[in-house]
Amino acid sequence: MSEPSVLDLIGGTPLVPLGRLARGLRVPVVAKCEHLNPGGSVKDRIALAIVDDAEARGVLTPGGTMVEATAGNTGVGLALVAAVRGYKLVCVLPEKMSEEKRQALRSLGAEVRVTPNAPPGHPDHFQTVARRLSEEHGWFLTDQFRNPANPLCHERTTGPELWRQTGGALGAFVAGAGTGGTLTGVGRFLRRVKPTVKIVLADPEGSRLAGLVREGVLGPDGRYLVEGIGSSVVPETLDVSVLTDAETVSDRESFETCHRLVREEGLLVGGSAGTAVAAALRTARRGDLDGPVVVLLPDAWDRYQSRIFNPQWMREVP
Ligand code: PMP
């Protein structure tokens, strides 16, 4: 057992009903507030689970180093866990990532290595560099897109929390997929305890995943601005067979819904929460649900002030 710390505050997040946005719909819509985790995102859960699992397997030992290949929320979650548990963290990020993100990781004590922008498979691609560093130095590669500890932690914590908090009255669960860990883990748990529950993918327009759920083949590849969700390939941590439905949401609808969450519900969330809630509102209009819709809000608004909350930037969004 580890000492009491801020890591004990990861998970156990509250549910808040969307009283304004969902007014008059067939069923209530309630939000799981993952943006209230100590590091500001749902990724705190997998950061802790990945480290706990690596410690238990003996692949991460006291004072050891972890290497991670993203700039986003998982980097912050891992940096938080590394700070508390006394590990070193090296984050490898491509040049295109914002200075804000590099700075946040450095502020938390992580070492940041910037690689040139390069396509997947290229020796300079940030994921290839992270893997090479792990092999050369014997550092632990956290590997969120492949690590089974990612979906498993949602199956063991997020899913059961939702079940308890709703008293089992739940018609659908709606979330986006980056690694797919959240939807896979929560979906596996909920479908086991209630086989009729709908598990709905909220997908950005331009991601190929929704096509796979609706038509059985990947959809067309496009560009989009919402961060952290959607993909052109199926991540190993996404089990498509748990998904029952998919909703496609444009950038504009995602960001406008995000603004409404902030201004009408006081929920200080990022753009992918807008995508998920837009999909949840559509789901709540369906006639075939036997309970409320639960939607997951992945992260907090502070990383998006220069973008989604900047009227000048918003004017350029198609
Ligand atoms: N929203 C944001 C902002 C994220 O960073 C992520 C994680 N990439 C997600 C949603 C999706 O979570 P998951 O990786 O569990 O699919």
# chains A, B, ... in the order shown; residues from 1 in each chain; ligands from 1
$ select_by_dssp --residues "region 184-286 of chain A" --states "strand (DSSP E)" --output "list in words"
Lys198, Ile199, Val200, Leu201, Ala202, Asp203, Pro204, Asp245, Ala246, Glu247, Thr248 and Val249 of chain A
$ write_last_selection --atoms "all heavy atoms" --output "PDB file, in the first residue's frame"
ATOM      1  N   LYS A 198     -27.179   0.994 -24.209  1.00  0.00           N
ATOM      2  CA  LYS A 198     -26.542   1.439 -25.460  1.00  0.00           C
ATOM      3  C   LYS A 198     -25.169   2.028 -25.116  1.00  0.00           C
ATOM      4  O   LYS A 198     -25.052   2.821 -24.171  1.00  0.00           O
ATOM      5  CB  LYS A 198     -27.379   2.521 -26.148  1.00  0.00           C
ATOM      6  CG  LYS A 198     -28.817   2.121 -26.398  1.00  0.00           C
ATOM      7  CD  LYS A 198     -28.917   1.110 -27.511  1.00  0.00           C
ATOM      8  CE  LYS A 198     -30.366   0.749 -27.771  1.00  0.00           C
ATOM      9  NZ  LYS A 198     -30.487  -0.604 -28.355  1.00  0.00           N
ATOM     10  N   ILE A 199     -24.161   1.660 -25.910  1.00  0.00           N
ATOM     11  CA  ILE A 199     -22.817   2.218 -25.729  1.00  0.00           C
ATOM     12  C   ILE A 199     -22.522   3.009 -27.005  1.00  0.00           C
ATOM     13  O   ILE A 199     -22.337   2.430 -28.077  1.00  0.00           O
ATOM     14  CB  ILE A 199     -21.762   1.107 -25.507  1.00  0.00           C
ATOM     15  CG1 ILE A 199     -22.159   0.192 -24.327  1.00  0.00           C
ATOM     16  CG2 ILE A 199     -20.370   1.718 -25.295  1.00  0.00           C
ATOM     17  CD1 ILE A 199     -22.175   0.864 -22.959  1.00  0.00           C
ATOM     18  N   VAL A 200     -22.517   4.338 -26.856  1.00  0.00           N
ATOM     19  CA  VAL A 200     -22.521   5.216 -28.031  1.00  0.00           C
ATOM     20  C   VAL A 200     -21.173   5.935 -28.198  1.00  0.00           C
ATOM     21  O   VAL A 200     -20.724   6.643 -27.293  1.00  0.00           O
ATOM     22  CB  VAL A 200     -23.648   6.266 -27.918  1.00  0.00           C
ATOM     23  CG1 VAL A 200     -23.729   7.109 -29.184  1.00  0.00           C
ATOM     24  CG2 VAL A 200     -24.998   5.595 -27.637  1.00  0.00           C
ATOM     25  N   LEU A 201     -20.577   5.771 -29.381  1.00  0.00           N
ATOM     26  CA  LEU A 201     -19.343   6.488 -29.724  1.00  0.00           C
ATOM     27  C   LEU A 201     -19.698   7.893 -30.215  1.00  0.00           C
ATOM     28  O   LEU A 201     -20.506   8.050 -31.135  1.00  0.00           O
ATOM     29  CB  LEU A 201     -18.620   5.732 -30.837  1.00  0.00           C
ATOM     30  CG  LEU A 201     -17.467   6.483 -31.531  1.00  0.00           C
ATOM     31  CD1 LEU A 201     -16.264   6.585 -30.597  1.00  0.00           C
ATOM     32  CD2 LEU A 201     -17.061   5.786 -32.829  1.00  0.00           C
ATOM     33  N   ALA A 202     -19.084   8.913 -29.607  1.00  0.00           N
ATOM     34  CA  ALA A 202     -19.213  10.294 -30.089  1.00  0.00           C
ATOM     35  C   ALA A 202     -17.968  10.585 -30.914  1.00  0.00           C
ATOM     36  O   ALA A 202     -16.857  10.652 -30.373  1.00  0.00           O
ATOM     37  CB  ALA A 202     -19.313  11.256 -28.908  1.00  0.00           C
ATOM     38  N   ASP A 203     -18.123  10.714 -32.224  1.00  0.00           N
ATOM     39  CA  ASP A 203     -16.956  10.776 -33.106  1.00  0.00           C
ATOM     40  C   ASP A 203     -16.910  12.102 -33.865  1.00  0.00           C
ATOM     41  O   ASP A 203     -17.925  12.549 -34.393  1.00  0.00           O
ATOM     42  CB  ASP A 203     -17.059   9.612 -34.112  1.00  0.00           C
ATOM     43  CG  ASP A 203     -15.707   9.079 -34.532  1.00  0.00           C
ATOM     44  OD1 ASP A 203     -14.757   9.154 -33.726  1.00  0.00           O
ATOM     45  OD2 ASP A 203     -15.600   8.585 -35.671  1.00  0.00           O
ATOM     46  N   PRO A 204     -15.732  12.734 -33.947  1.00  0.00           N
ATOM     47  CA  PRO A 204     -15.638  13.973 -34.732  1.00  0.00           C
ATOM     48  C   PRO A 204     -15.818  13.685 -36.229  1.00  0.00           C
ATOM     49  O   PRO A 204     -15.390  12.626 -36.708  1.00  0.00           O
ATOM     50  CB  PRO A 204     -14.210  14.466 -34.480  1.00  0.00           C
ATOM     51  CG  PRO A 204     -13.602  13.569 -33.483  1.00  0.00           C
ATOM     52  CD  PRO A 204     -14.440  12.342 -33.361  1.00  0.00           C
ATOM     53  N   ASP A 245     -23.722   1.969 -31.095  1.00  0.00           N
ATOM     54  CA  ASP A 245     -24.147   3.087 -31.948  1.00  0.00           C
ATOM     55  C   ASP A 245     -23.013   4.100 -32.066  1.00  0.00           C
ATOM     56  O   ASP A 245     -22.110   4.112 -31.230  1.00  0.00           O
ATOM     57  CB  ASP A 245     -25.331   3.841 -31.317  1.00  0.00           C
ATOM     58  CG  ASP A 245     -26.514   2.938 -31.000  1.00  0.00           C
ATOM     59  OD1 ASP A 245     -26.479   2.295 -29.939  1.00  0.00           O
ATOM     60  OD2 ASP A 245     -27.432   2.882 -31.826  1.00  0.00           O
ATOM     61  N   ALA A 246     -23.124   4.990 -33.080  1.00  0.00           N
ATOM     62  CA  ALA A 246     -22.155   6.087 -33.200  1.00  0.00           C
ATOM     63  C   ALA A 246     -22.871   7.344 -33.672  1.00  0.00           C
ATOM     64  O   ALA A 246     -23.818   7.264 -34.461  1.00  0.00           O
ATOM     65  CB  ALA A 246     -21.057   5.707 -34.191  1.00  0.00           C
ATOM     66  N   GLU A 247     -22.429   8.489 -33.180  1.00  0.00           N
ATOM     67  CA  GLU A 247     -22.935   9.789 -33.627  1.00  0.00           C
ATOM     68  C   GLU A 247     -21.749  10.600 -34.120  1.00  0.00           C
ATOM     69  O   GLU A 247     -20.712  10.672 -33.452  1.00  0.00           O
ATOM     70  CB  GLU A 247     -23.604  10.554 -32.470  1.00  0.00           C
ATOM     71  CG  GLU A 247     -24.869   9.916 -31.923  1.00  0.00           C
ATOM     72  CD  GLU A 247     -26.070  10.053 -32.858  1.00  0.00           C
ATOM     73  OE1 GLU A 247     -25.994  10.839 -33.830  1.00  0.00           O
ATOM     74  OE2 GLU A 247     -27.076   9.358 -32.621  1.00  0.00           O
ATOM     75  N   THR A 248     -21.894  11.242 -35.283  1.00  0.00           N
ATOM     76  CA  THR A 248     -20.835  12.071 -35.839  1.00  0.00           C
ATOM     77  C   THR A 248     -21.145  13.535 -35.541  1.00  0.00           C
ATOM     78  O   THR A 248     -22.272  13.984 -35.749  1.00  0.00           O
ATOM     79  CB  THR A 248     -20.748  11.843 -37.360  1.00  0.00           C
ATOM     80  OG1 THR A 248     -20.418  10.469 -37.577  1.00  0.00           O
ATOM     81  CG2 THR A 248     -19.682  12.713 -37.998  1.00  0.00           C
ATOM     82  N   VAL A 249     -20.135  14.267 -35.061  1.00  0.00           N
ATOM     83  CA  VAL A 249     -20.344  15.647 -34.626  1.00  0.00           C
ATOM     84  C   VAL A 249     -19.291  16.548 -35.278  1.00  0.00           C
ATOM     85  O   VAL A 249     -18.096  16.222 -35.282  1.00  0.00           O
ATOM     86  CB  VAL A 249     -20.242  15.750 -33.080  1.00  0.00           C
ATOM     87  CG1 VAL A 249     -20.488  17.169 -32.601  1.00  0.00           C
ATOM     88  CG2 VAL A 249     -21.210  14.780 -32.395  1.00  0.00           C
TER      89      VAL A 249
END
$ residues_near_ligand --ligand "ligand 1" --cutoff "6 Å" --atoms "only C-alpha atoms and all ligand atoms" --output "ChimeraX atom specification"
/A:72-73,176-182,227-229,272,298-299
$ residues_around --residues "region 46-54 of chain A" --least-positions-apart "4" --cutoff "8 Å" --atoms "only C-alpha atoms" --output "JSON, numbers by chain"
{"A": [7, 42, 58, 59, 60, 74, 77, 78, 81, 142, 147, 149, 150, 153]}
$ write_last_selection --atoms "N, CA and C atoms" --output "compact mmCIF listing (two decimals), in the first residue's frame"
# COMPACT_ATOMS: atom_id res chain seq x y z
N LEU A 7 -3.05 11.26 -5.05
CA LEU A 7 -3.46 10.19 -5.97
C LEU A 7 -4.74 9.49 -5.50
N VAL A 42 -9.65 12.75 -17.37
CA VAL A 42 -9.92 11.31 -17.20
C VAL A 42 -8.61 10.50 -17.25
N GLY A 58 6.94 -5.49 -11.71
CA GLY A 58 8.38 -5.31 -11.48
C GLY A 58 9.12 -4.67 -12.65
N VAL A 59 8.38 -4.08 -13.60
CA VAL A 59 9.06 -3.44 -14.74
C VAL A 59 9.34 -1.97 -14.47
N LEU A 60 8.83 -1.46 -13.35
CA LEU A 60 9.14 -0.09 -12.93
C LEU A 60 9.56 -0.18 -11.47
N THR A 74 -2.59 12.55 -20.96
CA THR A 74 -1.89 11.40 -20.37
C THR A 74 -0.52 11.83 -19.86
N GLY A 77 -1.15 13.50 -16.52
CA GLY A 77 -1.49 12.48 -15.52
C GLY A 77 -0.25 11.71 -15.07
N LEU A 78 0.58 11.29 -16.03
CA LEU A 78 1.79 10.54 -15.69
C LEU A 78 2.78 11.40 -14.92
N VAL A 81 1.62 11.50 -11.33
CA VAL A 81 1.91 10.25 -10.62
C VAL A 81 3.43 10.12 -10.40
N THR A 142 5.19 3.55 -21.42
CA THR A 142 3.83 3.48 -20.86
C THR A 142 2.81 2.99 -21.89
N ASN A 147 -1.51 -0.59 -23.98
CA ASN A 147 -1.42 -1.16 -22.64
C ASN A 147 -2.80 -1.61 -22.13
N ALA A 149 -3.77 -2.24 -19.29
CA ALA A 149 -4.13 -1.59 -18.01
C ALA A 149 -5.05 -0.40 -18.25
N ASN A 150 -5.02 0.18 -19.48
CA ASN A 150 -5.86 1.33 -19.81
C ASN A 150 -7.34 0.95 -19.80
N CYS A 153 -8.69 -0.44 -16.32
CA CYS A 153 -8.96 0.44 -15.17
C CYS A 153 -10.35 1.05 -15.28
$ closest_residue --among "A:Val76, A:His137, A:Cys258, A:Gly12" --to "Pro160 (chain A)" --atoms "only C-alpha atoms"
A:Gly12
$ residues_around --residues "region 29-41 of chain A" --least-positions-apart "2" --cutoff "9 Å" --atoms "only C-alpha atoms" --output "JSON, numbers by chain"
{"A": [6, 7, 9, 10, 11, 12, 13, 14, 15, 16, 17, 18, 19, 21, 22, 23, 25, 27, 43, 44, 45, 73, 74, 76, 77, 80, 162, 267, 268, 269, 270, 277, 280, 281, 284, 292, 293, 294, 295, 296, 297, 298, 299, 300, 301, 302]}
